[in-house]
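Source file: final_15.pdb. Holds: PDB, C-alpha atoms.
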ATOM      1  CA  MET N   1     -23.035  13.279 -14.239  1.00  0.00           C
ATOM      2  CA  THR N   2     -19.916  13.053 -12.104  1.00  0.00           C
ATOM      3  CA  LEU N   3     -20.766  12.463  -8.461  1.00  0.00           C
ATOM      4  CA  GLN N   4     -18.898  14.345  -5.716  1.00  0.00           C
ATOM      5  CA  ALA N   5     -17.726  13.181  -2.298  1.00  0.00           C
ATOM      6  CA  GLN N   6     -15.291  14.290   0.400  1.00  0.00           C
ATOM      7  CA  LEU N   7     -12.969  11.965   2.311  1.00  0.00           C
ATOM      8  CA  TYR N   8     -11.799  13.126   5.735  1.00  0.00           C
ATOM      9  CA  PHE N   9      -8.460  11.484   6.410  1.00  0.00           C
ATOM     10  CA  SER N  10      -5.553  11.384   8.857  1.00  0.00           C
ATOM     11  CA  PHE N  11      -2.055  10.189   8.005  1.00  0.00           C
ATOM     12  CA  ARG N  12      -1.726   8.751  11.522  1.00  0.00           C
ATOM     13  CA  SER N  13      -4.915   6.722  11.288  1.00  0.00           C
ATOM     14  CA  PRO N  14      -4.370   3.066  10.317  1.00  0.00           C
ATOM     15  CA  TYR N  15      -8.034   2.786   9.406  1.00  0.00           C
ATOM     16  CA  SER N  16      -7.674   5.753   7.053  1.00  0.00           C
ATOM     17  CA  TYR N  17      -4.870   3.812   5.382  1.00  0.00           C
ATOM     18  CA  LEU N  18      -6.978   0.675   5.211  1.00  0.00           C
ATOM     19  CA  ALA N  19      -9.723   2.655   3.454  1.00  0.00           C
ATOM     20  CA  ILE N  20      -7.970   5.040   1.108  1.00  0.00           C
ATOM     21  CA  GLY N  21      -6.628   2.567  -1.426  1.00  0.00           C
ATOM     22  CA  ARG N  22     -10.097   1.109  -1.837  1.00  0.00           C
ATOM     23  CA  TYR N  23     -11.628   4.566  -2.210  1.00  0.00           C
ATOM     24  CA  ARG N  24      -8.958   5.387  -4.805  1.00  0.00           C
ATOM     25  CA  ALA N  25      -9.887   2.227  -6.711  1.00  0.00           C
ATOM     26  CA  LEU N  26     -13.565   3.186  -6.506  1.00  0.00           C
ATOM     27  CA  ALA N  27     -12.816   6.631  -7.952  1.00  0.00           C
ATOM     28  CA  ASP N  28     -10.742   5.054 -10.741  1.00  0.00           C
ATOM     29  CA  MET N  29     -13.522   2.637 -11.666  1.00  0.00           C
ATOM     30  CA  PHE N  30     -16.540   4.917 -11.346  1.00  0.00           C
ATOM     31  CA  ASP N  31     -17.461   8.448 -12.383  1.00  0.00           C
ATOM     32  CA  VAL N  32     -17.027  10.020  -8.968  1.00  0.00           C
ATOM     33  CA  GLU N  33     -14.606  12.625  -7.666  1.00  0.00           C
ATOM     34  CA  ILE N  34     -13.456  12.046  -4.099  1.00  0.00           C
ATOM     35  CA  ASP N  35     -11.812  15.151  -2.678  1.00  0.00           C
ATOM     36  CA  LEU N  36      -9.332  14.553   0.134  1.00  0.00           C
ATOM     37  CA  ARG N  37      -9.888  16.629   3.265  1.00  0.00           C
ATOM     38  CA  PRO N  38      -6.905  16.028   5.595  1.00  0.00           C
ATOM     39  CA  VAL N  39      -7.329  16.591   9.324  1.00  0.00           C
ATOM     40  CA  TYR N  40      -4.878  16.402  12.186  1.00  0.00           C
ATOM     41  CA  PRO N  41      -5.176  13.221  14.270  1.00  0.00           C
ATOM     42  CA  LEU N  42      -6.685  13.031  17.733  1.00  0.00           C
ATOM     43  CA  ALA N  43      -3.175  13.004  19.193  1.00  0.00           C
ATOM     44  CA  VAL N  44      -2.847  16.618  18.021  1.00  0.00           C
ATOM     45  CA  ARG N  45      -6.432  17.761  18.558  1.00  0.00           C
ATOM     46  CA  GLN N  46      -6.978  15.935  21.866  1.00  0.00           C
ATOM     47  CA  PRO N  47      -3.576  15.016  23.368  1.00  0.00           C
ATOM     48  CA  ASP N  48      -5.170  13.314  26.380  1.00  0.00           C
ATOM     49  CA  PHE N  49      -7.339  11.039  24.218  1.00  0.00           C
ATOM     50  CA  PHE N  50      -5.115   7.995  24.673  1.00  0.00           C
ATOM     51  CA  GLU N  51      -4.724   8.560  28.407  1.00  0.00           C
ATOM     52  CA  ARG N  52      -8.519   8.633  28.832  1.00  0.00           C
ATOM     53  CA  ASN N  53      -9.234   5.466  26.832  1.00  0.00           C
ATOM     54  CA  HIS N  54      -9.848   2.043  28.331  1.00  0.00           C
ATOM     55  CA  PRO N  55      -6.590   0.107  28.873  1.00  0.00           C
ATOM     56  CA  ASN N  56      -7.752  -2.539  26.373  1.00  0.00           C
ATOM     57  CA  TRP N  57      -8.310   0.029  23.616  1.00  0.00           C
ATOM     58  CA  LEU N  58      -4.803   0.033  22.155  1.00  0.00           C
ATOM     59  CA  GLY N  59      -4.332  -3.741  22.229  1.00  0.00           C
ATOM     60  CA  TYR N  60      -7.680  -4.412  20.579  1.00  0.00           C
ATOM     61  CA  THR N  61      -7.121  -1.741  17.950  1.00  0.00           C
ATOM     62  CA  MET N  62      -3.745  -3.227  17.022  1.00  0.00           C
ATOM     63  CA  ARG N  63      -5.274  -6.701  16.685  1.00  0.00           C
ATOM     64  CA  ASP N  64      -8.181  -5.403  14.634  1.00  0.00           C
ATOM     65  CA  MET N  65      -6.163  -3.314  12.181  1.00  0.00           C
ATOM     66  CA  ILE N  66      -3.872  -6.264  11.443  1.00  0.00           C
ATOM     67  CA  ARG N  67      -6.743  -8.635  10.707  1.00  0.00           C
ATOM     68  CA  VAL N  68      -8.533  -6.052   8.542  1.00  0.00           C
ATOM     69  CA  ALA N  69      -5.347  -5.714   6.493  1.00  0.00           C
ATOM     70  CA  GLN N  70      -5.054  -9.509   6.226  1.00  0.00           C
ATOM     71  CA  PHE N  71      -8.709  -9.858   5.257  1.00  0.00           C
ATOM     72  CA  HIS N  72      -8.364  -7.371   2.394  1.00  0.00           C
ATOM     73  CA  GLY N  73      -4.827  -8.372   1.386  1.00  0.00           C
ATOM     74  CA  ILE N  74      -3.417  -4.927   2.184  1.00  0.00           C
ATOM     75  CA  PRO N  75       0.295  -4.693   3.098  1.00  0.00           C
ATOM     76  CA  PHE N  76       0.584  -3.597   6.697  1.00  0.00           C
ATOM     77  CA  GLY N  77       3.325  -2.886   9.200  1.00  0.00           C
ATOM     78  CA  PRO N  78       3.967  -0.572  12.141  1.00  0.00           C
ATOM     79  CA  PRO N  79       5.086   2.901  11.016  1.00  0.00           C
ATOM     80  CA  LYS N  80       8.826   3.547  11.167  1.00  0.00           C
ATOM     81  CA  PRO N  81       8.767   6.203  12.504  1.00  0.00           C
ATOM     82  CA  ASP N  82       5.324   6.824  13.926  1.00  0.00           C
ATOM     83  CA  PRO N  83       3.922  10.048  12.438  1.00  0.00           C
ATOM     84  CA  ILE N  84       3.148  11.055  16.021  1.00  0.00           C
ATOM     85  CA  VAL N  85       5.939  11.145  18.586  1.00  0.00           C
ATOM     86  CA  GLN N  86       4.411   9.357  21.562  1.00  0.00           C
ATOM     87  CA  ASP N  87       5.561   7.322  24.548  1.00  0.00           C
ATOM     88  CA  MET N  88       3.567   4.139  24.006  1.00  0.00           C
ATOM     89  CA  LYS N  89       4.006   3.004  27.616  1.00  0.00           C
ATOM     90  CA  THR N  90       2.591   6.160  29.178  1.00  0.00           C
ATOM     91  CA  ARG N  91       0.599   7.177  26.035  1.00  0.00           C
ATOM     92  CA  THR N  92       1.962  10.709  26.488  1.00  0.00           C
ATOM     93  CA  ILE N  93       2.125  12.853  23.331  1.00  0.00           C
ATOM     94  CA  ALA N  94       5.326  14.858  22.857  1.00  0.00           C
ATOM     95  CA  GLU N  95       5.061  18.607  22.374  1.00  0.00           C
ATOM     96  CA  ASP N  96       7.419  18.564  19.374  1.00  0.00           C
ATOM     97  CA  GLN N  97       5.827  16.831  16.385  1.00  0.00           C
ATOM     98  CA  PRO N  98       8.147  17.050  13.365  1.00  0.00           C
ATOM     99  CA  HIS N  99       6.320  14.537  11.133  1.00  0.00           C
ATOM    100  CA  ILE N 100       2.551  14.936  11.332  1.00  0.00           C
ATOM    101  CA  TYR N 101       2.448  18.650  10.605  1.00  0.00           C
ATOM    102  CA  ARG N 102       4.670  18.257   7.571  1.00  0.00           C
ATOM    103  CA  ILE N 103       2.795  15.405   5.931  1.00  0.00           C
ATOM    104  CA  THR N 104      -0.671  16.751   6.730  1.00  0.00           C
ATOM    105  CA  ARG N 105       0.250  20.092   5.186  1.00  0.00           C
ATOM    106  CA  MET N 106       1.584  18.212   2.176  1.00  0.00           C
ATOM    107  CA  GLY N 107      -1.724  16.408   1.914  1.00  0.00           C
ATOM    108  CA  GLN N 108      -3.641  19.672   1.986  1.00  0.00           C
ATOM    109  CA  ALA N 109      -1.313  21.231  -0.586  1.00  0.00           C
ATOM    110  CA  ALA N 110      -1.850  18.186  -2.804  1.00  0.00           C
ATOM    111  CA  ALA N 111      -5.614  18.511  -2.308  1.00  0.00           C
ATOM    112  CA  ARG N 112      -5.399  22.076  -3.600  1.00  0.00           C
ATOM    113  CA  GLU N 113      -4.063  20.613  -6.855  1.00  0.00           C
ATOM    114  CA  GLY N 114      -6.753  17.943  -7.064  1.00  0.00           C
ATOM    115  CA  LYS N 115      -4.181  15.253  -6.260  1.00  0.00           C
ATOM    116  CA  GLY N 116      -4.997  14.707  -2.605  1.00  0.00           C
ATOM    117  CA  LEU N 117      -6.563  11.251  -2.832  1.00  0.00           C
ATOM    118  CA  VAL N 118      -3.711   9.785  -4.864  1.00  0.00           C
ATOM    119  CA  PHE N 119      -0.998  11.477  -2.800  1.00  0.00           C
ATOM    120  CA  ALA N 120      -2.496  10.364   0.504  1.00  0.00           C
ATOM    121  CA  ASP N 121      -2.750   6.791  -0.752  1.00  0.00           C
ATOM    122  CA  GLU N 122       0.879   6.762  -1.884  1.00  0.00           C
ATOM    123  CA  VAL N 123       2.138   8.270   1.381  1.00  0.00           C
ATOM    124  CA  ALA N 124      -0.072   6.078   3.567  1.00  0.00           C
ATOM    125  CA  ARG N 125       1.409   3.029   1.867  1.00  0.00           C
ATOM    126  CA  LEU N 126       4.844   4.220   2.944  1.00  0.00           C
ATOM    127  CA  ILE N 127       3.811   4.929   6.526  1.00  0.00           C
ATOM    128  CA  TRP N 128       1.648   1.868   7.144  1.00  0.00           C
ATOM    129  CA  GLY N 129       2.969  -0.531   4.510  1.00  0.00           C
ATOM    130  CA  GLY N 130       6.179  -1.260   6.376  1.00  0.00           C
ATOM    131  CA  ALA N 131       8.622   1.138   4.701  1.00  0.00           C
ATOM    132  CA  GLU N 132      11.639   1.852   6.887  1.00  0.00           C
ATOM    133  CA  GLY N 133      12.369   5.558   7.318  1.00  0.00           C
ATOM    134  CA  TRP N 134       9.476   6.731   5.171  1.00  0.00           C
ATOM    135  CA  ASN N 135      10.325  10.321   6.178  1.00  0.00           C
ATOM    136  CA  LYS N 136      13.880  10.132   4.849  1.00  0.00           C
ATOM    137  CA  GLY N 137      15.567   9.977   1.470  1.00  0.00           C
ATOM    138  CA  ASP N 138      13.378  10.138  -1.622  1.00  0.00           C
ATOM    139  CA  HIS N 139      10.361   8.257  -0.251  1.00  0.00           C
ATOM    140  CA  LEU N 140       8.045  11.264  -0.039  1.00  0.00           C
ATOM    141  CA  LYS N 141       9.451  12.804  -3.213  1.00  0.00           C
ATOM    142  CA  ASN N 142       8.746   9.626  -5.143  1.00  0.00           C
ATOM    143  CA  ALA N 143       5.240   9.459  -3.700  1.00  0.00           C
ATOM    144  CA  ALA N 144       4.593  13.048  -4.765  1.00  0.00           C
ATOM    145  CA  GLU N 145       5.893  12.457  -8.276  1.00  0.00           C
ATOM    146  CA  LYS N 146       3.836   9.263  -8.634  1.00  0.00           C
ATOM    147  CA  SER N 147       0.847  11.435  -7.739  1.00  0.00           C
ATOM    148  CA  GLY N 148       1.609  13.910 -10.507  1.00  0.00           C
ATOM    149  CA  LEU N 149       2.947  16.607  -8.191  1.00  0.00           C
ATOM    150  CA  ASP N 150       6.042  18.755  -8.512  1.00  0.00           C
ATOM    151  CA  TRP N 151       8.138  17.970  -5.434  1.00  0.00           C
ATOM    152  CA  ASP N 152       9.966  21.298  -5.310  1.00  0.00           C
ATOM    153  CA  ALA N 153       6.731  23.258  -5.638  1.00  0.00           C
ATOM    154  CA  LEU N 154       5.044  21.080  -3.010  1.00  0.00           C
ATOM    155  CA  THR N 155       7.790  21.498  -0.413  1.00  0.00           C
ATOM    156  CA  ARG N 156       7.957  25.218  -1.106  1.00  0.00           C
ATOM    157  CA  THR N 157       4.209  25.584  -0.547  1.00  0.00           C
ATOM    158  CA  VAL N 158       4.392  23.642   2.720  1.00  0.00           C
ATOM    159  CA  LYS N 159       7.203  25.857   3.970  1.00  0.00           C
ATOM    160  CA  GLU N 160       5.935  29.229   2.803  1.00  0.00           C
ATOM    161  CA  ASP N 161       2.175  28.761   3.213  1.00  0.00           C
ATOM    162  CA  ALA N 162       2.020  26.744   6.440  1.00  0.00           C
ATOM    163  CA  GLU N 163      -0.345  29.125   8.214  1.00  0.00           C
ATOM    164  CA  ALA N 164      -2.892  29.105   5.389  1.00  0.00           C
ATOM    165  CA  LEU N 165      -2.640  25.339   5.055  1.00  0.00           C
ATOM    166  CA  ASP N 166      -3.299  24.925   8.774  1.00  0.00           C
ATOM    167  CA  ALA N 167      -6.349  27.160   8.467  1.00  0.00           C
ATOM    168  CA  GLU N 168      -7.647  24.962   5.646  1.00  0.00           C
ATOM    169  CA  ILE N 169      -6.980  21.824   7.700  1.00  0.00           C
ATOM    170  CA  ALA N 170      -8.887  23.349  10.627  1.00  0.00           C
ATOM    171  CA  ALA N 171     -11.755  24.147   8.254  1.00  0.00           C
ATOM    172  CA  ASN N 172     -11.728  20.507   7.139  1.00  0.00           C
ATOM    173  CA  GLN N 173     -12.204  19.432  10.758  1.00  0.00           C
ATOM    174  CA  GLU N 174     -15.075  21.878  11.194  1.00  0.00           C
ATOM    175  CA  ALA N 175     -16.710  20.596   8.016  1.00  0.00           C
ATOM    176  CA  LEU N 176     -16.309  17.003   9.203  1.00  0.00           C
ATOM    177  CA  GLU N 177     -18.063  17.773  12.474  1.00  0.00           C
ATOM    178  CA  ALA N 178     -20.745  19.747  10.652  1.00  0.00           C
ATOM    179  CA  SER N 179     -21.393  16.673   8.505  1.00  0.00           C
ATOM    180  CA  GLY N 180     -22.405  14.697  11.574  1.00  0.00           C
ATOM    181  CA  HIS N 181     -19.218  12.889  12.563  1.00  0.00           C
ATOM    182  CA  TRP N 182     -15.818  13.654  14.099  1.00  0.00           C
ATOM    183  CA  GLY N 183     -13.530  10.718  13.315  1.00  0.00           C
ATOM    184  CA  VAL N 184     -11.627   9.338  10.342  1.00  0.00           C
ATOM    185  CA  PRO N 185     -11.908   7.912   7.844  1.00  0.00           C
ATOM    186  CA  THR N 186     -15.254   9.510   7.080  1.00  0.00           C
ATOM    187  CA  LEU N 187     -16.567   9.868   3.552  1.00  0.00           C
ATOM    188  CA  VAL N 188     -19.334  12.401   3.071  1.00  0.00           C
ATOM    189  CA  PHE N 189     -21.561  11.891   0.052  1.00  0.00           C
ATOM    190  CA  ASP N 190     -24.629  13.969  -0.706  1.00  0.00           C
ATOM    191  CA  GLY N 191     -24.518  15.351   2.832  1.00  0.00           C
ATOM    192  CA  GLU N 192     -24.421  11.895   4.444  1.00  0.00           C
ATOM    193  CA  PRO N 193     -21.390  10.772   6.511  1.00  0.00           C
ATOM    194  CA  PHE N 194     -20.053   7.222   6.318  1.00  0.00           C
ATOM    195  CA  PHE N 195     -17.526   6.558   9.083  1.00  0.00           C
ATOM    196  CA  GLY N 196     -15.007   3.756   9.017  1.00  0.00           C
ATOM    197  CA  GLN N 197     -13.123   1.533   6.605  1.00  0.00           C
ATOM    198  CA  ASP N 198     -16.032  -0.923   6.753  1.00  0.00           C
ATOM    199  CA  ARG N 199     -18.567   1.417   5.146  1.00  0.00           C
ATOM    200  CA  ILE N 200     -17.182   1.433   1.600  1.00  0.00           C
ATOM    201  CA  GLU N 201     -19.679  -1.117   0.282  1.00  0.00           C
ATOM    202  CA  MET N 202     -22.482   0.945   1.811  1.00  0.00           C
ATOM    203  CA  VAL N 203     -21.083   4.091   0.164  1.00  0.00           C
ATOM    204  CA  LEU N 204     -21.112   2.305  -3.181  1.00  0.00           C
ATOM    205  CA  TRP N 205     -24.722   1.214  -2.601  1.00  0.00           C
ATOM    206  CA  ARG N 206     -25.772   4.800  -1.852  1.00  0.00           C
ATOM    207  CA  MET N 207     -23.898   6.137  -4.868  1.00  0.00           C
ATOM    208  CA  ASN N 208     -25.589   3.581  -7.082  1.00  0.00           C
ATOM    209  CA  GLU N 209     -28.904   4.944  -5.888  1.00  0.00           C
ATOM    210  CA  LYS N 210     -27.768   8.358  -7.136  1.00  0.00           C
ATOM    211  CA  GLY N 211     -26.849   7.141 -10.612  1.00  0.00           C
ATOM    212  CA  LEU N 212     -23.204   6.150 -10.247  1.00  0.00           C
ATOM    213  CA  ALA N 213     -21.763   5.124 -13.612  1.00  0.00           C
ATOM    214  CA  GLU N 214     -18.609   3.297 -14.592  1.00  0.00           C
ATOM    215  CA  ARG N 215     -15.885   5.279 -16.301  1.00  0.00           C
TER
END
As structure tokens - that is how I would like this structure written.
Amino acid sequence: MTLQAQLYFSFRSPYSYLAIGRYRALADMFDVEIDLRPVYPLAVRQPDFFERNHPNWLGYTMRDMIRVAQFHGIPFGPPKPDPIVQDMKTRTIAEDQPHIYRITRMGQAAAREGKGLVFADEVARLIWGGAEGWNKGDHLKNAAEKSGLDWDALTRTVKEDAEALDAEIAANQEALEASGHWGVPTLVFDGEPFFGQDRIEMVLWRMNEKGLAER
């Protein structure tokens, strides 16, 4: 029997990036469907989050994400541009956010087609894998097509159905919090939340208890 799980994910989250390729590999290897549930990052939901954090938070997080990438052999580089427009010195979040709304809506539109996990992995590799100008040219189009999506249909959905997509994204956030957590990446399996890129082995252990089989 195919097992079911939900992965709550943000395109701005480096730890979501560091997890999603490994979750994609897990879903390719085992008989489990992992449905992507995109959410907007804290910078959108709680714009003062970074201002309220300890001054050491950003420096430590940068150090940690780099070493996690090195440990797992995952390509990693600062996003160019950052999906969130933010003054890194003052940590202030700009009111105009041209990137994060677009790509999160794309992720939700892809999830509607059952392609969310693959699409998010392909796009996250662009954002966090060191691609220059990931938002320009054919980068996103190529990622969509590699995910089995029609680029024209995807961009049309994002443009014409933005309000409904945002409602679905908000529902994802509510479902995440109802599961018992609030951050990303969080995978929910059989009603149990597993937060963080360092919980994948534990997820696999729990799934094995529930009869996980290889494909």
Legend entry - Residue members of the PyMOL selection byres ((chain N and resi 168) around 10) in the file shown, as number ranges by chain: N: 37-39, 105, 108-109, 112, 162-167, 169-174
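Here the question is which of N:Tyr23, N:Asn208, N:Ser10, N:Phe76 gets nearest to Leu187 in chain N using all atoms listed in the file, and that residue is N:Tyr23.
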I'd like the contact shell of Ser13 in chain N - 12 Å cut-off, all atoms listed in the file, skipping same-chain residues fewer than 2 positions apart - returned as a tab-separated table (two decimals) with C-alpha atoms, keeping the file's coordinate frame.
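Just written: result01.tsv:
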chain	number	residue	atom	x	y	z
N	8	TYR	CA	-11.80	13.13	5.74
N	9	PHE	CA	-8.46	11.48	6.41
N	10	SER	CA	-5.55	11.38	8.86
N	11	PHE	CA	-2.06	10.19	8.01
N	15	TYR	CA	-8.03	2.79	9.41
N	16	SER	CA	-7.67	5.75	7.05
N	17	TYR	CA	-4.87	3.81	5.38
N	18	LEU	CA	-6.98	0.68	5.21
N	19	ALA	CA	-9.72	2.66	3.45
N	20	ILE	CA	-7.97	5.04	1.11
N	38	PRO	CA	-6.90	16.03	5.60
N	39	VAL	CA	-7.33	16.59	9.32
N	40	TYR	CA	-4.88	16.40	12.19
N	41	PRO	CA	-5.18	13.22	14.27
N	42	LEU	CA	-6.68	13.03	17.73
N	43	ALA	CA	-3.18	13.00	19.19
N	61	THR	CA	-7.12	-1.74	17.95
N	62	MET	CA	-3.74	-3.23	17.02
N	65	MET	CA	-6.16	-3.31	12.18
N	78	PRO	CA	3.97	-0.57	12.14
N	79	PRO	CA	5.09	2.90	11.02
N	82	ASP	CA	5.32	6.82	13.93
N	83	PRO	CA	3.92	10.05	12.44
N	84	ILE	CA	3.15	11.06	16.02
N	100	ILE	CA	2.55	14.94	11.33
N	104	THR	CA	-0.67	16.75	6.73
N	120	ALA	CA	-2.50	10.36	0.50
N	124	ALA	CA	-0.07	6.08	3.57
N	125	ARG	CA	1.41	3.03	1.87
N	127	ILE	CA	3.81	4.93	6.53
N	128	TRP	CA	1.65	1.87	7.14
N	183	GLY	CA	-13.53	10.72	13.32
N	184	VAL	CA	-11.63	9.34	10.34
N	185	PRO	CA	-11.91	7.91	7.84
N	186	THR	CA	-15.25	9.51	7.08
N	196	GLY	CA	-15.01	3.76	9.02
N	197	GLN	CA	-13.12	1.53	6.60
Legend entry - N:Ile34, N:Met106, N:Ala175, N:Val118 ranked by distance to Ala5 in chain N, top pick (using all atoms listed in the file):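 Of the candidates, the smallest distance to Ala5 in chain N is held by N:Ile34.
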Inset, instruction - Could you tell me which residues the PyMOL selection byres ((chain N and resi 144-151) around 9) returns for this structure, as a VMD selection string? - result: chain N and resid 110 113 115 to 120 122 to 123 139 to 143 152 to 156
Might you pull out every residue within 9 Å of Met207 in chain N, with only C-alpha atoms counted and same-chain residues fewer than 4 positions away left off, and present them as a PDB file with C-alpha atoms, in the frame of the given file?
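So the final result, stored in selection-v2.pdb, reads:
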ATOM      1  CA  LEU N   3     -20.766  12.463  -8.461  1.00  0.00           C
ATOM      2  CA  VAL N  32     -17.027  10.020  -8.968  1.00  0.00           C
ATOM      3  CA  PHE N 189     -21.561  11.891   0.052  1.00  0.00           C
ATOM      4  CA  ASP N 190     -24.629  13.969  -0.706  1.00  0.00           C
ATOM      5  CA  MET N 202     -22.482   0.945   1.811  1.00  0.00           C
ATOM      6  CA  VAL N 203     -21.083   4.091   0.164  1.00  0.00           C
ATOM      7  CA  GLY N 211     -26.849   7.141 -10.612  1.00  0.00           C
ATOM      8  CA  LEU N 212     -23.204   6.150 -10.247  1.00  0.00           C
TER       9      LEU N 212
END
Inset, instruction - Take CA of Asp121 in chain N and CA of Arg215 in chain N and report the distance between them in Å, one decimal. - result: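 If I compute the distance from CA of Asp121 in chain N to CA of Arg215 in chain N, I get 20.4 Å.
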Inset, instruction - Measuring atom to atom with only C-alpha atoms, identify which of N:Arg22, N:Glu201, N:Glu132, N:Gln6 is nearest to His72 in chain N. - result: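 With only C-alpha atoms as the atom set, the closest residue is N:Arg22.
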Inset, instruction - Calculate how many Å separate CA of Gly59 in chain N from CA of His99 in chain N, rounding to one decimal. - result: 23.9 Å
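Our summary of the geometry notes that CA of Ile93 in chain N is positioned 8.2 Å from CA of Val44 in chain N.
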Inset, instruction - Place a sphere of radius 8 Å on (-20.6, 14.5, -12.4) in the file coordinates and name every protein, DNA or RNA residue with an atom inside or on its surface, counting all atoms listed in the file; give the answer as a list in words. - result: Met1, Thr2, Leu3, Gln4, Asp31, Val32 and Glu33 of chain N
Those same residues - C-alpha atoms - I'd like them written as a PDB file, keeping the file's coordinate frame.
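Result file is part21.pdb:
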ATOM      1  CA  MET N   1     -23.035  13.279 -14.239  1.00  0.00           C
ATOM      2  CA  THR N   2     -19.916  13.053 -12.104  1.00  0.00           C
ATOM      3  CA  LEU N   3     -20.766  12.463  -8.461  1.00  0.00           C
ATOM      4  CA  GLN N   4     -18.898  14.345  -5.716  1.00  0.00           C
ATOM      5  CA  ASP N  31     -17.461   8.448 -12.383  1.00  0.00           C
ATOM      6  CA  VAL N  32     -17.027  10.020  -8.968  1.00  0.00           C
ATOM      7  CA  GLU N  33     -14.606  12.625  -7.666  1.00  0.00           C
TER       8      GLU N  33
END
Build an axis-aligned box that encloses every atom of range 166-185 of chain N listed in the file, pad it by 8 Å on each side, and report its centre and edge lengths in Å to one decimal, as lines of an AutoDock Vina configuration file.
center_x = -12.9
center_y = 17.5
center_z = 9.9
size_x = 35.1
size_y = 35.2
size_z = 24.5
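The residue that comes closest to Ala213 in chain N, out of N:Glu95, N:Leu26, N:Leu7, N:Arg12 and on the basis of only C-alpha atoms, is N:Leu26.
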